[in-house]
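Visitor: Coordinates in final.txt, compact mmCIF, C-alpha atoms, are listed below.
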# COMPACT_ATOMS: atom_id res chain seq x y z
CA MET A 1 -41.05 -47.64 -8.14
CA LYS A 2 -39.28 -50.18 -5.90
CA PRO A 3 -39.85 -49.96 -2.13
CA ILE A 4 -36.30 -48.83 -1.32
CA CYS A 5 -36.63 -45.89 -3.69
CA ARG A 6 -39.91 -44.81 -2.11
CA SER A 7 -38.38 -44.99 1.37
CA VAL A 8 -35.38 -42.85 0.42
CA LEU A 9 -37.64 -40.26 -1.20
CA ALA A 10 -39.89 -40.19 1.82
CA LEU A 11 -36.94 -39.57 4.13
CA ALA A 12 -35.73 -36.77 1.89
CA LEU A 13 -39.18 -35.15 1.77
CA ILE A 14 -39.44 -34.97 5.53
CA GLY A 15 -35.95 -33.53 5.81
CA ALA A 16 -34.20 -36.60 7.28
CA VAL A 17 -31.55 -36.54 4.58
CA ALA A 18 -29.19 -33.61 5.08
CA PRO A 19 -27.86 -31.67 2.11
CA VAL A 20 -24.53 -33.05 0.88
CA ALA A 21 -21.89 -32.03 -1.62
CA MET A 22 -21.23 -33.77 -4.91
CA ALA A 23 -18.76 -36.64 -5.02
CA SER A 24 -15.10 -35.67 -5.26
CA GLU A 25 -14.40 -38.02 -8.20
CA SER A 26 -13.37 -35.84 -11.15
CA PRO A 27 -15.71 -36.22 -14.13
CA LEU A 28 -14.65 -37.94 -17.32
CA SER A 29 -13.75 -35.62 -20.17
CA PRO A 30 -16.39 -35.35 -22.93
CA ASN A 31 -14.22 -37.31 -25.37
CA VAL A 32 -13.57 -40.12 -22.90
CA ARG A 33 -17.22 -40.19 -21.88
CA LEU A 34 -18.31 -40.55 -25.50
CA LYS A 35 -15.79 -43.31 -26.12
CA VAL A 36 -16.91 -45.20 -23.01
CA GLN A 37 -20.60 -44.84 -23.85
CA GLN A 38 -20.13 -45.98 -27.43
CA ALA A 39 -18.11 -48.99 -26.33
CA LEU A 40 -20.65 -50.01 -23.69
CA GLU A 41 -23.62 -49.59 -26.01
CA ALA A 42 -21.98 -51.43 -28.91
CA ASN A 43 -21.00 -54.31 -26.61
CA LYS A 44 -18.38 -55.53 -29.11
CA ASP A 45 -15.03 -54.65 -27.55
CA PRO A 46 -13.50 -57.64 -25.69
CA ILE A 47 -13.15 -55.46 -22.59
CA VAL A 48 -16.90 -54.78 -22.65
CA ARG A 49 -17.88 -58.35 -23.44
CA ALA A 50 -15.88 -59.52 -20.44
CA LEU A 51 -18.16 -57.50 -18.15
CA ALA A 52 -20.96 -59.21 -16.27
CA PRO A 53 -24.40 -57.94 -17.42
CA LYS A 54 -25.00 -56.19 -14.09
CA GLU A 55 -21.61 -54.47 -14.21
CA ARG A 56 -22.31 -53.16 -17.71
CA SER A 57 -25.74 -51.91 -16.62
CA ILE A 58 -24.24 -50.13 -13.59
CA LEU A 59 -21.68 -48.40 -15.79
CA LEU A 60 -24.34 -47.29 -18.27
CA ALA A 61 -26.60 -46.04 -15.46
CA THR A 62 -23.71 -44.13 -13.89
CA LEU A 63 -22.99 -42.48 -17.23
CA ALA A 64 -26.65 -41.56 -17.56
CA LEU A 65 -26.77 -39.98 -14.09
CA ASP A 66 -23.56 -38.08 -14.79
CA ALA A 67 -25.31 -36.70 -17.86
CA ASP A 68 -28.41 -35.94 -15.71
CA GLU A 69 -30.58 -38.42 -17.60
CA PRO A 70 -32.44 -40.24 -14.79
CA ASP A 71 -34.96 -41.91 -17.12
CA GLN A 72 -32.11 -43.52 -19.07
CA ALA A 73 -30.44 -44.61 -15.84
CA LEU A 74 -33.62 -46.36 -14.71
CA LEU A 75 -34.00 -48.01 -18.09
CA ASN A 76 -30.46 -49.38 -17.85
CA LEU A 77 -31.20 -50.86 -14.42
CA ASP A 78 -34.60 -52.36 -15.29
CA ASN A 79 -33.75 -55.98 -14.52
CA GLN A 80 -35.27 -57.97 -11.66
CA GLN A 81 -32.04 -59.94 -11.30
CA PHE A 82 -30.36 -56.77 -10.03
CA ALA A 83 -33.03 -55.96 -7.45
CA ASP A 84 -31.08 -57.07 -4.36
CA ASP A 85 -27.88 -55.21 -5.17
CA PRO A 86 -27.43 -52.19 -2.83
CA LEU A 87 -25.48 -50.19 -5.42
CA VAL A 88 -28.23 -50.72 -7.99
CA ALA A 89 -30.80 -49.66 -5.40
CA LEU A 90 -28.90 -46.45 -4.64
CA LEU A 91 -28.52 -45.62 -8.33
CA GLU A 92 -32.27 -46.12 -8.76
CA ALA A 93 -33.00 -44.01 -5.70
CA GLU A 94 -30.89 -41.14 -7.05
CA ALA A 95 -32.57 -41.40 -10.45
CA HIS A 96 -36.04 -41.30 -8.85
CA ARG A 97 -34.98 -38.38 -6.63
CA ARG A 98 -33.94 -36.37 -9.68
CA LYS A 99 -37.17 -37.24 -11.47
CA ALA A 100 -39.18 -36.16 -8.43
CA VAL A 101 -37.34 -32.83 -8.26
CA SER A 102 -37.97 -32.29 -11.96
CA ASP A 103 -41.67 -33.17 -11.58
CA VAL A 104 -42.10 -30.75 -8.66
CA GLU A 105 -40.49 -28.02 -10.74
CA ARG A 106 -42.91 -28.76 -13.59
CA ALA A 107 -45.83 -28.41 -11.16
CA GLY A 108 -44.89 -24.73 -10.72
CA ASP A 109 -47.17 -22.71 -8.43
CA TYR A 110 -49.38 -25.72 -7.86
CA ALA A 111 -46.55 -27.18 -5.73
CA ARG A 112 -45.90 -24.04 -3.67
CA SER A 113 -47.30 -25.69 -0.53
CA VAL A 114 -44.51 -28.27 -0.64
CA ARG A 115 -41.80 -25.84 -1.75
CA GLN A 116 -39.74 -26.24 1.42
CA ALA A 117 -39.89 -30.03 1.22
CA SER A 118 -38.97 -29.97 -2.46
CA GLU A 119 -35.94 -27.78 -1.72
CA LYS A 120 -34.76 -30.34 0.81
CA LEU A 121 -35.34 -33.06 -1.75
CA ALA A 122 -33.31 -31.16 -4.33
CA ALA A 123 -30.45 -30.74 -1.84
CA ALA A 124 -30.48 -34.38 -0.73
CA SER A 125 -28.30 -35.73 -3.56
CA LEU A 126 -27.31 -39.37 -3.11
CA VAL A 127 -24.32 -38.98 -5.44
CA PRO A 128 -21.72 -39.04 -2.62
CA GLY A 129 -22.92 -42.55 -1.78
CA LEU A 130 -22.28 -43.68 -5.34
CA GLY A 131 -18.51 -43.58 -5.06
CA GLU A 132 -18.15 -47.23 -6.00
CA ALA A 133 -20.12 -46.71 -9.20
CA GLU A 134 -17.93 -43.72 -10.14
CA ALA A 135 -14.75 -45.63 -9.27
CA ARG A 136 -15.82 -48.55 -11.45
CA LEU A 137 -16.69 -46.21 -14.31
CA HIS A 138 -13.28 -44.53 -14.16
CA ALA A 139 -11.55 -47.91 -13.91
CA PHE A 140 -13.36 -49.07 -17.04
CA ALA A 141 -12.39 -45.87 -18.86
CA ASP A 142 -8.76 -46.34 -17.83
CA LYS A 143 -8.83 -49.92 -19.06
CA LEU A 144 -10.44 -48.94 -22.35
CA ASP A 145 -7.80 -46.25 -22.91
CA GLY A 146 -4.91 -48.42 -21.71
CA VAL A 147 -4.04 -45.94 -18.94
CA THR A 148 -3.41 -48.72 -16.42
CA ALA A 149 -1.87 -51.20 -18.87
CA GLY A 150 1.63 -52.51 -18.32
CA VAL A 151 3.36 -52.31 -14.95
CA PRO A 152 3.78 -49.56 -12.33
CA SER A 153 6.63 -47.33 -13.51
CA SER A 154 8.00 -47.31 -9.97
CA VAL A 155 8.93 -51.01 -10.15
CA LEU A 156 12.47 -50.91 -11.55
CA GLN A 157 13.90 -54.32 -10.64
CA LEU A 158 12.72 -57.36 -8.65
CA GLY A 159 14.81 -59.94 -6.83
CA SER A 160 14.05 -63.64 -6.90
CA TYR A 161 12.73 -63.57 -3.31
CA ILE A 162 9.63 -61.61 -4.41
CA ASP A 163 6.84 -63.84 -5.70
CA THR A 164 3.99 -61.36 -6.12
CA LEU A 165 3.40 -57.63 -6.02
CA PHE A 166 0.18 -55.97 -4.82
CA VAL A 167 -0.41 -52.39 -5.96
CA VAL A 168 -3.08 -50.48 -4.02
CA ASP A 169 -4.09 -47.38 -5.95
CA LYS A 170 -6.18 -45.29 -3.55
CA GLY A 171 -6.94 -42.68 -6.18
CA ARG A 172 -8.51 -45.27 -8.47
CA SER A 173 -9.86 -47.59 -5.74
CA ARG A 174 -8.10 -50.45 -7.52
CA LEU A 175 -5.90 -53.33 -6.43
CA PHE A 176 -3.58 -54.63 -9.14
CA ILE A 177 -1.84 -57.97 -8.53
CA TYR A 178 1.28 -59.09 -10.38
CA LYS A 179 3.20 -62.34 -10.43
CA ARG A 180 6.95 -62.37 -10.93
CA GLY A 181 8.25 -64.59 -13.72
CA ALA A 182 11.52 -66.52 -13.82
CA ASP A 183 13.05 -63.67 -15.85
CA GLY A 184 12.11 -61.11 -13.20
CA GLY A 185 9.29 -59.68 -15.30
CA LEU A 186 5.79 -59.03 -14.03
CA THR A 187 2.52 -60.43 -15.30
CA ARG A 188 -0.76 -58.96 -14.09
CA VAL A 189 -2.97 -61.69 -12.68
CA ASP A 190 -5.82 -59.64 -11.18
CA ASP A 191 -7.44 -56.20 -11.04
CA GLU A 192 -9.94 -55.61 -8.23
CA TYR A 193 -12.09 -52.84 -6.78
CA VAL A 194 -10.78 -52.06 -3.29
CA ALA A 195 -12.02 -49.95 -0.36
CA THR A 196 -9.42 -47.94 1.55
CA GLY A 197 -9.27 -45.52 4.49
CA SER A 198 -12.23 -43.31 5.31
CA HIS A 199 -10.04 -40.18 5.13
CA ASP A 200 -7.93 -39.03 2.20
CA GLY A 201 -4.16 -38.63 2.34
CA ASP A 202 -1.26 -40.49 3.91
CA LYS A 203 -1.52 -42.03 7.34
CA GLU A 204 0.12 -39.99 10.10
CA SER A 205 -1.19 -41.27 13.40
CA GLU A 206 -3.18 -43.97 15.13
CA GLY A 207 -6.90 -43.73 14.44
CA ASP A 208 -6.73 -41.09 11.69
CA GLY A 209 -8.65 -43.35 9.26
CA ARG A 210 -6.00 -43.09 6.52
CA THR A 211 -4.36 -45.84 4.53
CA PRO A 212 -0.56 -45.33 4.57
CA ASN A 213 1.36 -44.61 1.38
CA GLY A 214 4.59 -46.48 0.83
CA VAL A 215 6.25 -49.80 0.07
CA TYR A 216 5.43 -52.69 2.40
CA ARG A 217 5.31 -56.47 2.68
CA PHE A 218 2.65 -58.91 3.78
CA VAL A 219 4.02 -60.59 6.90
CA GLU A 220 1.32 -62.98 8.10
CA ARG A 221 -1.91 -64.78 7.32
CA LEU A 222 -4.72 -64.60 9.88
CA ALA A 223 -7.48 -67.20 9.61
CA SER A 224 -11.13 -66.53 10.42
CA LYS A 225 -10.95 -67.94 13.97
CA ALA A 226 -8.54 -65.17 14.93
CA LEU A 227 -10.62 -62.40 13.34
CA LEU A 228 -13.56 -60.24 14.23
CA ASP A 229 -16.47 -60.66 11.81
CA LYS A 230 -15.87 -57.22 10.28
CA TYR A 231 -12.59 -58.44 8.76
CA GLY A 232 -14.13 -61.28 6.77
CA PRO A 233 -12.81 -64.84 6.36
CA VAL A 234 -9.06 -64.09 6.20
CA ALA A 235 -6.69 -61.15 6.65
CA PHE A 236 -3.11 -60.34 5.70
CA PRO A 237 -1.21 -57.87 7.91
CA THR A 238 1.51 -55.66 6.40
CA ASP A 239 4.73 -54.47 8.05
CA TYR A 240 3.46 -50.91 8.54
CA PRO A 241 5.04 -48.88 10.10
CA ASN A 242 8.33 -49.50 8.33
CA ALA A 243 11.65 -47.69 8.97
CA LEU A 244 10.71 -44.82 6.64
CA ASP A 245 7.40 -44.33 8.45
CA THR A 246 9.17 -44.33 11.81
CA LEU A 247 11.71 -41.77 10.58
CA HIS A 248 8.81 -39.45 9.73
CA GLY A 249 7.06 -39.93 13.06
CA LYS A 250 4.16 -41.91 11.66
CA ASP A 251 2.54 -44.28 14.13
CA GLY A 252 -0.38 -46.67 14.35
CA HIS A 253 -0.46 -50.34 13.47
CA GLY A 254 -2.67 -53.10 12.06
CA ILE A 255 -2.77 -52.16 8.37
CA TRP A 256 -4.22 -55.27 6.73
CA MET A 257 -5.77 -56.52 3.55
CA HIS A 258 -9.05 -58.05 4.68
CA GLY A 259 -12.63 -58.76 3.66
CA TYR A 260 -16.10 -57.49 4.50
CA ALA A 261 -18.40 -58.33 7.39
CA GLU A 262 -20.71 -61.26 6.77
CA GLY A 263 -23.68 -60.28 4.64
CA VAL A 264 -22.03 -57.12 3.28
CA GLY A 265 -21.55 -57.28 -0.48
CA ARG A 266 -20.50 -53.73 -1.29
CA ARG A 267 -18.61 -50.90 0.40
CA PRO A 268 -17.85 -47.32 -0.71
CA PRO A 269 -14.29 -46.47 -1.83
CA ARG A 270 -13.44 -44.67 1.44
CA ASP A 271 -14.79 -46.94 4.11
CA THR A 272 -12.08 -48.56 6.27
CA GLU A 273 -10.12 -47.54 9.34
CA GLY A 274 -6.92 -47.52 7.28
CA CYS A 275 -6.77 -51.03 5.85
CA PHE A 276 -7.66 -52.04 2.29
CA ALA A 277 -10.63 -54.35 1.87
CA LEU A 278 -12.03 -56.64 -0.81
CA PRO A 279 -15.43 -58.36 -1.03
CA ASN A 280 -15.10 -61.77 0.60
CA PRO A 281 -15.45 -63.84 -2.60
CA ARG A 282 -12.73 -61.76 -4.27
CA LEU A 283 -10.47 -61.91 -1.21
CA LEU A 284 -10.71 -65.69 -1.20
CA ALA A 285 -10.04 -65.74 -4.93
CA VAL A 286 -6.77 -63.79 -4.59
CA GLN A 287 -5.48 -65.19 -1.30
CA ASP A 288 -3.27 -67.76 -3.03
CA TYR A 289 -1.19 -64.91 -4.43
CA VAL A 290 -0.25 -63.78 -0.92
CA HIS A 291 3.03 -65.26 0.28
CA PRO A 292 4.03 -63.64 3.61
CA GLY A 293 7.51 -62.19 3.35
CA ARG A 294 7.60 -62.74 -0.41
CA SER A 295 4.63 -60.57 -1.41
CA TRP A 296 5.29 -56.84 -1.45
CA VAL A 297 2.71 -54.05 -1.41
CA ILE A 298 2.94 -50.62 -3.04
CA VAL A 299 0.35 -48.09 -1.86
CA GLY A 300 -0.19 -44.71 -3.49
CA GLU A 301 -2.62 -42.54 -5.42
CA ASN A 302 -3.07 -42.49 -9.20
CA ILE A 303 0.05 -44.56 -9.72
CA PRO A 304 1.59 -44.19 -13.21
CA PHE A 305 2.01 -47.26 -15.41
CA THR A 306 4.46 -47.97 -18.20
CA ASP A 307 5.42 -50.54 -20.80
CA ALA A 308 7.59 -53.10 -19.02
CA LYS A 309 10.07 -52.98 -21.93
CA THR A 310 10.72 -49.25 -21.59
CA PRO A 311 14.18 -48.68 -20.03
CA SER A 312 14.21 -46.51 -16.92
CA PRO A 313 16.84 -43.79 -16.48
CA GLU A 314 16.14 -43.96 -12.74
CA LEU A 315 17.30 -47.58 -12.63
CA ALA A 316 20.65 -46.63 -14.15
CA SER A 317 21.12 -43.73 -11.72
CA ILE A 318 20.36 -45.92 -8.71
CA HIS A 319 22.76 -48.64 -9.87
CA GLN A 320 25.41 -45.97 -10.34
CA ALA A 321 24.84 -44.70 -6.80
CA ILE A 322 25.01 -48.20 -5.30
CA ASP A 323 28.13 -49.11 -7.28
CA GLY A 324 29.84 -45.90 -6.13
CA TRP A 325 28.93 -46.65 -2.52
CA VAL A 326 30.43 -50.15 -2.74
CA GLN A 327 33.62 -48.92 -4.43
CA ASP A 328 34.19 -46.23 -1.80
CA TRP A 329 33.43 -48.72 0.98
CA GLU A 330 36.07 -51.10 -0.39
CA SER A 331 38.59 -48.26 -0.74
CA LEU A 332 38.76 -47.81 3.07
CA ASN A 333 38.45 -44.08 2.42
CA ALA A 334 36.01 -43.17 5.19
CA ASP A 335 35.29 -39.69 3.88
CA ALA A 336 34.43 -40.98 0.40
CA TYR A 337 32.30 -43.79 1.85
CA LEU A 338 30.38 -41.51 4.23
CA SER A 339 29.66 -39.02 1.45
CA HIS A 340 27.01 -41.48 0.21
CA TYR A 341 24.87 -40.93 3.33
CA ASP A 342 22.15 -38.31 3.70
CA LYS A 343 22.23 -35.70 6.44
CA ASN A 344 19.10 -37.23 8.01
CA PHE A 345 20.46 -40.78 7.87
CA ARG A 346 19.30 -43.40 10.36
CA ALA A 347 20.40 -46.97 11.04
CA GLY A 348 18.38 -48.16 14.00
CA LYS A 349 19.17 -45.67 16.78
CA ARG A 350 22.25 -44.28 15.02
CA ASN A 351 22.13 -40.95 13.22
CA LEU A 352 24.75 -39.81 10.70
CA ALA A 353 27.17 -38.57 13.37
CA SER A 354 27.14 -41.78 15.42
CA TRP A 355 27.19 -43.92 12.24
CA SER A 356 30.24 -42.00 10.97
CA SER A 357 32.08 -42.49 14.26
CA TYR A 358 31.22 -46.18 14.30
CA LYS A 359 32.28 -46.81 10.69
CA ARG A 360 35.56 -44.89 11.04
CA ARG A 361 36.43 -46.97 14.09
CA VAL A 362 35.53 -50.28 12.40
CA ASN A 363 37.31 -49.54 9.11
CA ALA A 364 40.47 -48.35 10.86
CA ALA A 365 41.07 -51.92 12.04
CA LYS A 366 40.84 -53.46 8.55
CA HIS A 367 43.43 -54.10 5.85
CA PHE A 368 40.89 -54.82 3.12
CA ILE A 369 37.14 -54.93 2.46
CA LYS A 370 35.39 -56.74 -0.37
CA VAL A 371 31.64 -56.30 -0.92
CA SER A 372 29.45 -57.89 -3.57
CA LEU A 373 25.70 -57.51 -4.01
CA ASP A 374 23.24 -59.71 -5.87
CA ASP A 375 19.53 -60.58 -6.16
CA MET A 376 18.54 -56.91 -6.00
CA THR A 377 15.11 -55.29 -5.79
CA ILE A 378 14.67 -51.61 -6.64
CA ILE A 379 11.30 -49.90 -6.22
CA ARG A 380 10.89 -46.16 -6.46
CA ASP A 381 8.24 -45.06 -3.98
CA PRO A 382 5.50 -43.41 -6.10
CA ASN A 383 4.61 -41.00 -3.31
CA ALA A 384 6.01 -37.57 -2.46
CA TRP A 385 8.17 -37.39 0.68
CA PRO A 386 9.49 -34.25 2.44
CA GLU A 387 13.11 -35.03 1.51
CA GLY A 388 12.44 -35.70 -2.17
CA GLU A 389 12.29 -38.92 -4.18
CA ILE A 390 12.58 -42.18 -2.26
CA ALA A 391 13.67 -45.57 -3.59
CA VAL A 392 13.72 -48.87 -1.71
CA VAL A 393 16.70 -51.06 -2.56
CA GLU A 394 17.04 -54.57 -1.13
CA PHE A 395 19.73 -57.14 -1.93
CA MET A 396 21.86 -60.00 -0.69
CA GLN A 397 25.13 -58.56 0.59
CA HIS A 398 28.35 -60.60 0.77
CA TYR A 399 30.95 -58.91 2.97
CA ASP A 400 34.54 -60.04 3.40
CA SER A 401 37.29 -58.20 5.26
CA SER A 402 40.61 -58.89 6.93
CA ASN A 403 38.92 -59.71 10.23
CA PHE A 404 35.25 -60.46 9.48
CA LYS A 405 33.10 -62.23 6.90
CA ASP A 406 29.30 -62.26 6.58
CA SER A 407 26.38 -62.60 4.17
CA GLY A 408 22.86 -61.35 4.68
CA ARG A 409 20.01 -59.43 3.18
CA LYS A 410 20.12 -55.65 3.50
CA ARG A 411 17.61 -52.91 2.75
CA LEU A 412 18.42 -49.30 1.91
CA TYR A 413 16.08 -46.35 1.52
CA LEU A 414 17.69 -43.95 -0.92
CA VAL A 415 16.72 -40.30 -1.20
CA ARG A 416 17.31 -37.92 -4.09
CA ARG A 417 16.85 -34.30 -3.21
CA PRO A 418 16.43 -31.69 -5.97
CA ASP A 419 19.69 -31.20 -7.92
CA ALA A 420 21.50 -33.82 -5.82
CA PRO A 421 22.55 -37.46 -6.31
CA TRP A 422 20.94 -40.44 -4.61
CA ARG A 423 22.09 -40.85 -1.01
CA ILE A 424 21.34 -43.38 1.70
CA LEU A 425 18.61 -42.21 4.07
CA ILE A 426 18.07 -45.49 5.97
CA GLU A 427 20.14 -48.68 6.21
CA GLU A 428 18.83 -51.82 7.90
CA GLU A 429 19.00 -55.59 7.92
CA ALA A 430 16.12 -57.06 5.92
CA PRO A 431 14.00 -59.82 7.49
For this file, produce the structure as structure tokens.

Guide:
Amino acid sequence: MKPICRSVLALALIGAVAPVAMASESPLSPNVRLKVQQALEANKDPIVRALAPKERSILLATLALDADEPDQALLNLDNQQFADDPLVALLEAEAHRRKAVSDVERAGDYARSVRQASEKLAAASLVPGLGEAEARLHAFADKLDGVTAGVPSSVLQLGSYIDTLFVVDKGRSRLFIYKRGADGGLTRVDDEYVATGSHDGDKESEGDGRTPNGVYRFVERLASKALLDKYGPVAFPTDYPNALDTLHGKDGHGIWMHGYAEGVGRRPPRDTEGCFALPNPRLLAVQDYVHPGRSWVIVGENIPFTDAKTPSPELASIHQAIDGWVQDWESLNADAYLSHYDKNFRAGKRNLASWSSYKRRVNAAKHFIKVSLDDMTIIRDPNAWPEGEIAVVEFMQHYDSSNFKDSGRKRLYLVRRPDAPWRILIEEEAP
């Protein structure tokens, strides 16, 4: 037995480790488990052969512990090259704990003098600390089954001003990175384990330990001299809170992609103050994909993926809504134009009533309006919002009227309530 395992068992035996619940990660189905185990043991599938030996051993050991086979877990981890890895050490400690509990049970009445200590040992499961191992196992199963193949189904159209897309899936503890091609299509360039907020759910307030759900952009690069050690060698702030967050009363700030403190090689899935974090070597490996202002970030849980070639009915409905808005704007019919706005609409400090008054006054002084839109991005927010479905639409707008002419980038947040068409919830100038 390695020293770390003995120390954990000793702490448990004297009652220093409090009883804890099992990890919240849902177990693999029996069919998926069998498929994963067979693939890992055969070591023939290209997905398996691409794994580092330690990664494959960790997956096999995690499977063994899930099946309550501690001896097999220890056998899978029996490699001196893995000795310094904290996740390997914790897997070994849990396997030894289970063996010790089993051995005490076999001792029967002979062990009655240590019954209380053995009960504490039995309750002191280390499984909740093995969240990274479970997350990696589920990620491998998803990859083997093709669950996360393709592109996020929420990405409907990308403008030329977006270079890369970062997708933070809190439910899977994965960061997927995509690069936009000349044709507007996406190619996945990386898939990483990522740690997110220490508390589940969407961020609501400063200090709640949650990673916000939504659609954001990286806005800056912070070098190591400007960072505390806990953030690693480089960090990339996002534009949280955005206009949608503000509309819903969400506050807080400083949601970054960053690294680990020096000397820390692993972190559990839920372990940040609200940011999303990568191991330092992986952060440095992906940093060239971050282009402030041109790299967008989608954050959600268990994000669905689809074949990029599959047409989206949502895309057609959003284009129809936008085209109708433009046509009614050009018609100078204020009632028709304003019918495209949601009852909770906001544009800066203006609500629907003040926006309506403003637009009626402006349009009354015009003889014609011509509007054209191009270079459009459409992303359906994968998260649930109180109003219904939300889509972010950004484009270059060219406006010409009898007394004013302008071009600039605009961003709309569209909402679709049940049994209603898409309407504009937020309108703002895009940076």

Visitor: Please identify every residue of region 78-176 of chain A that has at least one atom no farther than 10 Å from an atom of region 197-216 of chain A, counting only C-alpha atoms, and for each give the shortest atom pair and the distance in Å to one decimal, arranged by chain then increasing number, as JSON lines.

Guide:
{"residue": "A:Leu165", "atom": "CA", "partner": "A:Tyr216", "partner_atom": "CA", "distance": 10.0}
{"residue": "A:Phe166", "atom": "CA", "partner": "A:Tyr216", "partner_atom": "CA", "distance": 9.5}
{"residue": "A:Val167", "atom": "CA", "partner": "A:Val215", "partner_atom": "CA", "distance": 9.4}
{"residue": "A:Val168", "atom": "CA", "partner": "A:Asn213", "partner_atom": "CA", "distance": 9.1}
{"residue": "A:Asp169", "atom": "CA", "partner": "A:Asn213", "partner_atom": "CA", "distance": 9.5}
{"residue": "A:Lys170", "atom": "CA", "partner": "A:Thr211", "partner_atom": "CA", "distance": 8.3}
{"residue": "A:Gly171", "atom": "CA", "partner": "A:Asp200", "partner_atom": "CA", "distance": 9.2}

Visitor: For Lys309 (chain A), which residue out of A:Leu63, A:Leu228, A:Ala93, A:Val155 is the nearest one, using all atoms listed in the file?

Guide: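 Of A:Leu63, A:Leu228, A:Ala93, A:Val155, the one nearest Lys309 (chain A) is A:Val155, counting all atoms listed in the file.
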
Visitor: Just want the 9 Å neighbourhood of Leu40 (chain A), counted on only C-alpha atoms, with same-chain residues fewer than 5 positions away dropped. Output as number ranges by chain.

Guide: A: 35, 45, 48-49, 56-57, 59-60

Visitor: Using only C-alpha atoms - which residues lie no farther than 8 Å from the point (-22.4, -52.0, -5.4) in the file's frame? Write them as an mmCIF file with C-alpha atoms, in the frame of the given file.

Guide:
data_model
loop_
_atom_site.group_PDB
_atom_site.id
_atom_site.type_symbol
_atom_site.label_atom_id
_atom_site.label_comp_id
_atom_site.auth_asym_id
_atom_site.auth_seq_id
_atom_site.Cartn_x
_atom_site.Cartn_y
_atom_site.Cartn_z
ATOM 1 C CA ASP A 85 -27.880 -55.210 -5.170
ATOM 2 C CA PRO A 86 -27.430 -52.190 -2.830
ATOM 3 C CA LEU A 87 -25.480 -50.190 -5.420
ATOM 4 C CA VAL A 88 -28.230 -50.720 -7.990
ATOM 5 C CA GLU A 132 -18.150 -47.230 -6.000
ATOM 6 C CA ALA A 133 -20.120 -46.710 -9.200
ATOM 7 C CA GLY A 265 -21.550 -57.280 -0.480
ATOM 8 C CA ARG A 266 -20.500 -53.730 -1.290
ATOM 9 C CA ARG A 267 -18.610 -50.900 0.400
#

Visitor: Fewer than 6 positions away in the same chain doesn't count, so skip those; otherwise give me all residues within 7 Å of region 358-374 of chain A, counting all atoms listed in the file, as a PyMOL selection string.

Guide: chain A and resi 326+330+332+334+395-403

Visitor: Show me as number ranges by chain the residues that reach within 9 Å of (17.7, -39.1, -2.1), counting all atoms listed in the file and using the file's own coordinates.

Guide: A: 342, 387-391, 413-418, 420-425

Visitor: Give the answer as one residue: which of A:Asn333, A:Thr246, A:Ser173, A:Thr306 has the shortest atom-to-atom distance to Arg346 (chain A), using only C-alpha atoms?

Guide: A:Thr246
